[in-house]
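Following: one structure in structure tokens, then a few remarks.
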Amino acid sequence: MTPAPTDKPGQTVTPTSTRASPGTGTVSGAVASPVAGAVSGTSTGTPAGAPAAAGTGSRRTADAAPERFVFVLLEGFTLLSLAGAVDSLRLTNRHLGREAVGWLLAGEAGAGATVHSSSGTEITLDAGFGALRHGDTVIVCAGEEVARHTTQPLLSWLRREARRGVAIGAFCTGAYVLATAGLLDGKRATIHWENHDGFAEAFDAVELKRSVYVIDGNRMTSAGGTAAIDLMLKLIARDFGTDTAAAVADQQVYTTIRTERDTQRLSVPTRIGIRHPKLAQVIQAMEDNIEEPVSPAKLAAQVGLSTRQLERLFRRYLNRSPKRYYMEIRLRKARNLLMQTDMSVINVGLACGFTSPSHFSKCYRAHYETTPYRERGAMGAAPDRSGGRGGGTNPSGD
């Protein structure tokens with residue numbers, strides 16, 4: 001097997017066996033549309049070995065035309081998600097021994113143009129925005145500063161293809177693009193946990209979940225990172241059978257395939273490195289009650305402890321009082337909202353349980369050594385709605 005390209009800033013990655021010829025729209029192993037720069041042709045992994053049976057649950061026959069995924073790359077996209085998805089498709093072809101599925105990389109700049117991932121890796125595009133084939137699936141791949149890269153031509157193209165019935169999905173913050181286009185209204189969806197708070201405030205017509213991925217009709221969203229692999233394995237199982245999906249996962253040394261029922265973040269005990277059931281229950285209750293904080297006495301009573309016992313528990317394991325720990329959780333959410341939304345500072349405070357603006361500002365300054373107003377000013381103009389990923393700053397890197 002050919003080793004995967006090293007993810008180094010500034011490196012150009014153009015694997016000749018699976019990519020289009022820049023500027024022509026012609027893809028290895030297929031003849032493209034004569035319209036240069038349109039979404040056309042098919043990239044496929046080179047199959048190896050004898051054809052394999054489709055497997056249990058397959059809905060596609062061996063003589064069906066190759067399925068195709070069109071990955072739309074925005075500047076600053078997450079490379080891990082794209083690489084995991086494309087390799088899942090390549091391994092599907094390898095397992096089946098035929099060109100069962102293809103892919104190409106598209107972007108607003110068109111064929112031959114380059115896009116950079118968040119790590120600085122440079123990718124050459126196969127195509128621009130054009131008419132898609134019947135049965136194509138579009139996946140919007142985004143990452144940092146997604147609002148800045150969400151353009152009107154992109155939104156118009158996505159809306160047009162959605163009207164034509166094309167299945168459309170997103171990796172990581174690509175869900176922001178779909179929501180901005182109105183393609184997630186009334187739908188269930190997910191986004192990277194770091195952007196959950198801002199997205200929820202900005203798009204109340206979307207039923208936001210904390211799952212690793214969500215499929216709702218012909219809309220699909222993944223939280224990004226390795227969750228893109230879980231989504232692709234689900235689609236592979238749907239179209240080519242569970243045996244094929246399992247074989248692909250084995251090749252990736254992916255030992256646990258997650259489902260829509262799995263959440264993005266580690267459990268509270270794993271995250272804090274402490275396995276004390278009552279402490280974990282209290283922390284979970286704190287995280288679930290940000291806008292209307294619950295008193296330490298009530299939290300203690302909910303797990304059958306006295307207030308003093310709860311205090312000792314927090315001091316022993318976390319070296320801080322329950323009140324202080326709760327405050328830090330609320331302030332982290334406040335910082336996320338300041339960086340990811342255009343909510344007023346007063347409304348951010350209210351959303352995080354601070355009824356007094358002055359008290360909010362005082363607590364924020366004590367923890368972050370700056371006021372909420374200066375934090376917002378240091379970022380420049382507030383990002384459009386929820387699409388920041390921190391405007392180049394990690395909102396969770398407190």
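Ligands are numbered from 1 in the order shown, chains are lettered A, B, ... in the order of the structure tokens, and residues start at 1 in each chain.
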
Given only C-alpha atoms, how would the per-residue table for range 116-151 of chain A near range 96-111 of chain A read, listing every residue at most 9 Å away with its closest atom pair and distance in Å to one decimal, sorted by chain and number, as a Markdown table?
```
| residue | atom | partner | partner_atom | distance |
| --- | --- | --- | --- | --- |
| A:Ile123 | CA | A:Leu105 | CA | 8.8 |
| A:Thr124 | CA | A:Ala111 | CA | 7.7 |
| A:Leu125 | CA | A:Ala111 | CA | 5.1 |
| A:Asp126 | CA | A:Ala111 | CA | 4.6 |
| A:Ala127 | CA | A:Ala111 | CA | 4.0 |
| A:Gly128 | CA | A:Gly110 | CA | 3.6 |
| A:Phe129 | CA | A:Glu108 | CA | 6.2 |
| A:Thr151 | CA | A:Glu108 | CA | 8.8 |
```

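DSSP, applied to the backbone of this structure, assigns strand (DSSP E) to the following residues of range 116-310 of chain A: His116, Glu122, Ile123, Thr124, Thr137, Val138, Ile139, Val140, Cys141, Ala167, Ile168, Gly169, Ala170, Phe171, Arg188, Ala189, Thr190, Glu207, Leu208, Lys209, Tyr213, Val214, Ile215, Asp216, Arg219, Met220, Thr221 and Ser222 of chain A.
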
How would the residues just chosen look if you wrote them out with N, CA and C atoms as a JSON list (two decimals), in the first residue's frame?
```json
[["chain", "number", "residue", "atom", "x", "y", "z"],
["A", 116, "HIS", "N", -6.29, 25.45, 1.17],
["A", 116, "HIS", "CA", -5.44, 25.04, 2.27],
["A", 116, "HIS", "C", -6.28, 24.51, 3.43],
["A", 122, "GLU", "N", -1.77, 22.01, 1.25],
["A", 122, "GLU", "CA", -2.39, 22.57, 0.04],
["A", 122, "GLU", "C", -2.98, 21.46, -0.82],
["A", 123, "ILE", "N", -4.23, 21.62, -1.19],
["A", 123, "ILE", "CA", -4.94, 20.62, -1.99],
["A", 123, "ILE", "C", -5.38, 21.27, -3.30],
["A", 124, "THR", "N", -5.15, 20.59, -4.41],
["A", 124, "THR", "CA", -5.57, 21.08, -5.72],
["A", 124, "THR", "C", -6.99, 20.60, -6.02],
["A", 137, "THR", "N", -23.66, 12.84, -4.07],
["A", 137, "THR", "CA", -23.76, 13.31, -2.69],
["A", 137, "THR", "C", -22.72, 14.39, -2.47],
["A", 138, "VAL", "N", -23.15, 15.55, -1.98],
["A", 138, "VAL", "CA", -22.25, 16.67, -1.70],
["A", 138, "VAL", "C", -21.91, 16.68, -0.22],
["A", 139, "ILE", "N", -20.64, 16.84, 0.10],
["A", 139, "ILE", "CA", -20.20, 16.98, 1.49],
["A", 139, "ILE", "C", -19.39, 18.28, 1.60],
["A", 140, "VAL", "N", -19.88, 19.22, 2.40],
["A", 140, "VAL", "CA", -19.16, 20.48, 2.62],
["A", 140, "VAL", "C", -18.15, 20.27, 3.74],
["A", 141, "CYS", "N", -16.88, 20.49, 3.43],
["A", 141, "CYS", "CA", -15.81, 20.30, 4.40],
["A", 141, "CYS", "C", -15.29, 21.67, 4.85],
["A", 167, "ALA", "N", -28.51, 14.89, -2.32],
["A", 167, "ALA", "CA", -28.18, 14.66, -0.92],
["A", 167, "ALA", "C", -27.00, 15.54, -0.54],
["A", 168, "ILE", "N", -27.11, 16.26, 0.56],
["A", 168, "ILE", "CA", -26.08, 17.22, 0.96],
["A", 168, "ILE", "C", -25.72, 17.00, 2.42],
["A", 169, "GLY", "N", -24.41, 16.98, 2.69],
["A", 169, "GLY", "CA", -23.94, 16.79, 4.06],
["A", 169, "GLY", "C", -22.81, 17.73, 4.39],
["A", 170, "ALA", "N", -22.26, 17.56, 5.58],
["A", 170, "ALA", "CA", -21.19, 18.46, 6.04],
["A", 170, "ALA", "C", -20.33, 17.77, 7.07],
["A", 171, "PHE", "N", -19.04, 18.12, 7.06],
["A", 171, "PHE", "CA", -18.11, 17.70, 8.09],
["A", 171, "PHE", "C", -17.75, 18.91, 8.94],
["A", 188, "ARG", "N", -32.71, 17.50, 12.07],
["A", 188, "ARG", "CA", -31.75, 17.19, 13.12],
["A", 188, "ARG", "C", -30.35, 17.32, 12.53],
["A", 189, "ALA", "N", -29.41, 17.81, 13.32],
["A", 189, "ALA", "CA", -28.05, 18.00, 12.81],
["A", 189, "ALA", "C", -27.08, 18.02, 13.98],
["A", 190, "THR", "N", -25.79, 17.96, 13.65],
["A", 190, "THR", "CA", -24.74, 18.08, 14.66],
["A", 190, "THR", "C", -23.64, 18.96, 14.13],
["A", 207, "GLU", "N", -32.69, 21.31, 14.91],
["A", 207, "GLU", "CA", -32.70, 20.48, 16.12],
["A", 207, "GLU", "C", -31.29, 19.94, 16.33],
["A", 208, "LEU", "N", -30.50, 20.67, 17.10],
["A", 208, "LEU", "CA", -29.09, 20.35, 17.25],
["A", 208, "LEU", "C", -28.87, 19.21, 18.24],
["A", 209, "LYS", "N", -28.06, 18.25, 17.82],
["A", 209, "LYS", "CA", -27.71, 17.10, 18.65],
["A", 209, "LYS", "C", -26.23, 17.13, 18.99],
["A", 213, "TYR", "N", -22.51, 11.91, 14.54],
["A", 213, "TYR", "CA", -23.07, 12.27, 13.24],
["A", 213, "TYR", "C", -24.58, 12.13, 13.31],
["A", 214, "VAL", "N", -25.25, 12.77, 12.36],
["A", 214, "VAL", "CA", -26.71, 12.70, 12.27],
["A", 214, "VAL", "C", -27.10, 12.60, 10.80],
["A", 215, "ILE", "N", -28.01, 11.68, 10.51],
["A", 215, "ILE", "CA", -28.58, 11.58, 9.17],
["A", 215, "ILE", "C", -30.08, 11.83, 9.30],
["A", 216, "ASP", "N", -30.58, 12.83, 8.60],
["A", 216, "ASP", "CA", -32.00, 13.16, 8.62],
["A", 216, "ASP", "C", -32.46, 13.34, 7.17],
["A", 219, "ARG", "N", -30.13, 14.86, 4.32],
["A", 219, "ARG", "CA", -29.16, 15.75, 4.95],
["A", 219, "ARG", "C", -28.36, 14.93, 5.97],
["A", 220, "MET", "N", -27.06, 15.15, 5.98],
["A", 220, "MET", "CA", -26.21, 14.43, 6.92],
["A", 220, "MET", "C", -25.12, 15.36, 7.43],
["A", 221, "THR", "N", -24.85, 15.29, 8.71],
["A", 221, "THR", "CA", -23.81, 16.14, 9.31],
["A", 221, "THR", "C", -22.95, 15.29, 10.23],
["A", 222, "SER", "N", -21.66, 15.63, 10.25],
["A", 222, "SER", "CA", -20.71, 14.94, 11.11],
["A", 222, "SER", "C", -19.99, 15.97, 11.96]]
```

Residue contacts of Arg330 in chain A (8 Å, only C-alpha atoms) excluding same-chain residues fewer than 6 positions away, as a list in words: Ile290, Cys352 and Gly353 of chain A

Atomic separation - CA of Val72 in chain A relative to CA of Asp230 in chain A, Å: 18.9 Å

Expected answer as a PyMOL selection string: helix (DSSP H, G or I) residues in range 184-354 of chain A: chain A and resi 193-202+227-240+242-251+268-272+277-288+296-302+307-318+322-340+345-351

Shell around range 324-326 of chain A at 9 Å using only C-alpha atoms, local window under 6 positions removed, as JSON, numbers by chain: {"A": [283, 286, 287, 290, 293, 314, 318]}

Which residues are near Arg164 in chain A? Cut-off 10 Å, only C-alpha atoms, ignore same chain within fewer than 6 positions. Put them as a PDB file with C-alpha atoms, in the first residue's frame.
```
ATOM      1  CA  ALA A 131     -24.557  20.830 -12.266  1.00  0.00           C
ATOM      2  CA  LEU A 132     -24.286  17.528 -10.425  1.00  0.00           C
ATOM      3  CA  HIS A 134     -28.294  12.287 -10.457  1.00  0.00           C
ATOM      4  CA  LEU A 158     -26.082  24.499  -2.528  1.00  0.00           C
TER       5      LEU A 158
END
```
